[in-house]
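Asks: Quick one: structure below, then a few questions.
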Amino acid sequence: MRAFVLAIDGPAGAGKSTTARGVAKGLGLLHVDSGSMYRAAAWLALRKGVGLDEERPLVDLLSRARIEPSPEGMLVNGERVEDVIRTAEAGEAASRVAVHPEVRRRLVALQRSFARAPGVVMEGRDIGTVVFPNADLKIFITASNEARAERRFHELRERGECPDRSGIVEAIRERDRRDTERAASPLARAPDALVLNTTGLIPEEQVELATRWAELARRGAGRATPVYWLGKSFVRVFARIFLDFHVEGLDRIPRKGPLIVACNHISFWDPPLVGATIPRLMHFVAKAELFENRLFGALIRSYNSIPIHRGSRARAGLRGAEDVLSSGGAVLIFPEGTRNKSHTLLAPRAGVARVSAATRSPVLPACITGSNQIRRSVLRQVPIRITFGSPMMPPRSLEVGREEARRYASEVMEAIAALRADQERRYGSDRRR
Ligand code: C5P
C-alpha cells in the first residue's frame, strides 16, 4: 500500500498542531510535528553547549543524535523531551537553528523517512514546498495575528507560564519575519495548497474540514470513460497544434480531493478547452436543455456533463455536482450561468457558493480569453489564454443564506476578474486587436 501524505504548513499559532493531530487520529495516520524536531535539535544544542549560530558543530551534533517522534512526543536519544521543548525560548532557539541549510537537509531527510503506509500527516513550514512537494494533499493554515497571539497566550498559560500578551505579539511577528525571510526553505504557501483560515473557527470545525478534505483526497477520483479520455486527448492535441494557446497556473491546481473550478464563460469551446487543460478528471455542469437532443445528450454525458436545472428546480439541479464533489471529484462551473462575450463579467449566480458550502469544496478561480475567436486563433491573430488562480476556502457555514451566498459568489467573480486584469496587464487586451 502506498503511503498517503498530507502536508500541513503555516505560521506559528495558526492551529496546525490541533488540526494535524485531529486529522491523523481520525484517519489512523502517523502524526509528525516537524517543528518539534527543530525544537529538539535546538534543545540538544543548548544542553551540549553548542552555539545556535554555528552550523558545522550543530550538524556534527545531529549526526550523533537520534531524533524520533513517538506517541508520547519527540524523543532525543530515547529521552522524552516533549515538555522541555514546548517553551517560548525553545521555539525561538528552534527558529535560529532552522536557518542553517545543512541542519535542514538532515532533518528533511529524516522527515521523508516517516512517509510509511498507511500514511502520515506532517506539519511544519516547508512540508508542501520542500519535504513533500508531491504530497497527496497540502493545506496551508493561517489565522489573523490577533487570533494566533491569543492562542499562544492560552497555550503557555496552560503550561504554567506567565506570558505577557504584547510580548507574544512581538515574538510572533519576529518569528514570522525570520521564518519567511530566511534563505533556506522559507515559510511559504505551496501554490496548490488549500487555505484553511482558522480565525473564528473552533478547533472541532477546523479538524472536521481538514479531515473531510483528506478523506476525500485519499479516496481518489473515479476513472475516465473512453469517450472522455479520447475527447480530452483530442482537444489537447488540437489546442497545441492549431491554436495560439497559452496556459498559466497549472501548479495551483490541487490534484486530489473535492474542487470547484469557477471560470468566466465566453464560448462553447470553454468547457472542452478548460477541461482538457486541467490535469485531473473533470465534470461539467451544463444547462439541462443541452441534454434534450438524445444523441448530443448522450455524448456530453459520457464527457462527464451533469445537467443543471434552472428556476424552481435549480436547487435540486445542483445535486449532481454536489454528488461528484462529495466523492472527491472536481467540477467546472461557470458562475455567470450563461455565455457572455462582453468585456464586463456578469453578476454571478449564487450556485457556486451553495455547492461549495454544502460540500465544503475549495473553489479555484480560472479565467479564459480569446476562445470566442477560434478562427483567428488558428490564424495566429488572437491568443487563447487560460489562467488558474489559487484555491479559495469554502464559505464558513454549510448552509449559506442568500446574502452570504451572494457575497461569496462575488468574491469568486472578483478573483476571476483579477486574473483577467493581470493577463491584460501583461499581454494587453484582445479588445484592442
Ligand atoms: O512549529 P513550531 O513553532 O514548533 O516550530 C518551531 C520553529 O522551527 C519555527 O519557528 C521554524 O523556525 C522552525 N521550523 C522550520 N521548518 C519546519 C518546522 C519548523 O523551520 N518544517
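Residues in the C-alpha cells are named by chain (A, B, ... in the order shown) and by number from 1 within that chain; ligands are numbered from 1 in the order shown.
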Tell me which protein, DNA and RNA residues are within 9 Å of Ile67 of chain A, counting only C-alpha atoms, leaving out same-chain ones fewer than 2 positions away, and put them as a list in words.

Replies: Met37, Ala40, Ala41, Leu62, Ala65, Pro69, Met74, Leu75, Val76, Asn77, Gly78, Leu107 and Leu110 of chain A

Asks: May I have the selected residues written with C-alpha atoms, as a compact mmCIF listing (two decimals), in the first residue's frame?

Replies:
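Dumped everything to part27.txt:
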```txt
# COMPACT_ATOMS: atom_id res chain seq x y z
CA MET A 37 12.28 18.20 15.50
CA ALA A 40 14.59 19.08 19.79
CA ALA A 41 17.73 19.92 17.81
CA LEU A 62 22.82 15.96 14.89
CA ALA A 65 21.85 12.09 17.84
CA PRO A 69 8.59 11.03 17.01
CA MET A 74 9.51 13.74 20.47
CA LEU A 75 12.35 11.52 21.69
CA VAL A 76 16.02 12.52 21.63
CA ASN A 77 18.32 9.51 22.06
CA GLY A 78 15.36 7.73 23.63
CA LEU A 107 16.09 16.92 9.32
CA LEU A 110 14.62 12.22 8.44
```

Asks: Mind listing the residues within 6 Å of ligand 1, only C-alpha atoms and all ligand atoms counted, as a PyMOL selection string?

Replies: chain A and resi 12+34-36+38-39+91+94-95+98+124-127+175+179

Asks: Skipping near chain neighbours, those fewer than 6 positions away, what residues fall within 12 Å of Ser342 of chain A using only C-alpha atoms, listed as a PyMOL selection string?

Replies: chain A and resi 264-267+336+369-370+372+430-431

Asks: Between A:Ala421, A:Arg385, A:Ile374, A:Leu52, which residue has the minimum interatomic distance to Trp269 of chain A, considering only C-alpha atoms?

Replies: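 Going through A:Ala421, A:Arg385, A:Ile374, A:Leu52 one by one, the smallest distance to Trp269 of chain A is for A:Ile374.
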
Asks: What separation in Å, quoted to one decimal, exists between atom CA of Pro365 of chain A and atom CA of Asn304 of chain A?

Replies: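 Atom CA of Asn304 of chain A lies at a distance of 20.2 Å from atom CA of Pro365 of chain A.
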
Asks: Quick one: distance from atom CA of Thr18 of chain A to atom CA of Glu123 of chain A in Å, one decimal?

Replies: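 Interatomic distance, atom CA of Thr18 of chain A to atom CA of Glu123 of chain A: 10.2 Å.
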
Asks: Rank A:Arg396, A:Phe132, A:Leu345, A:Arg116 by their smallest atom-to-atom distance to Ala418 of chain A, using only C-alpha atoms, and report the top residue only.

Replies: A:Leu345

Asks: Need to verify the contact set: Pro394 of chain A, 10 Å, only C-alpha atoms, exclusion of same-chain residues closer than 2 positions in sequence. Can you return it as a VMD selection string?

Replies: chain A and resid 195 to 196 209 260 352 to 363 391 to 392 396 to 398 408
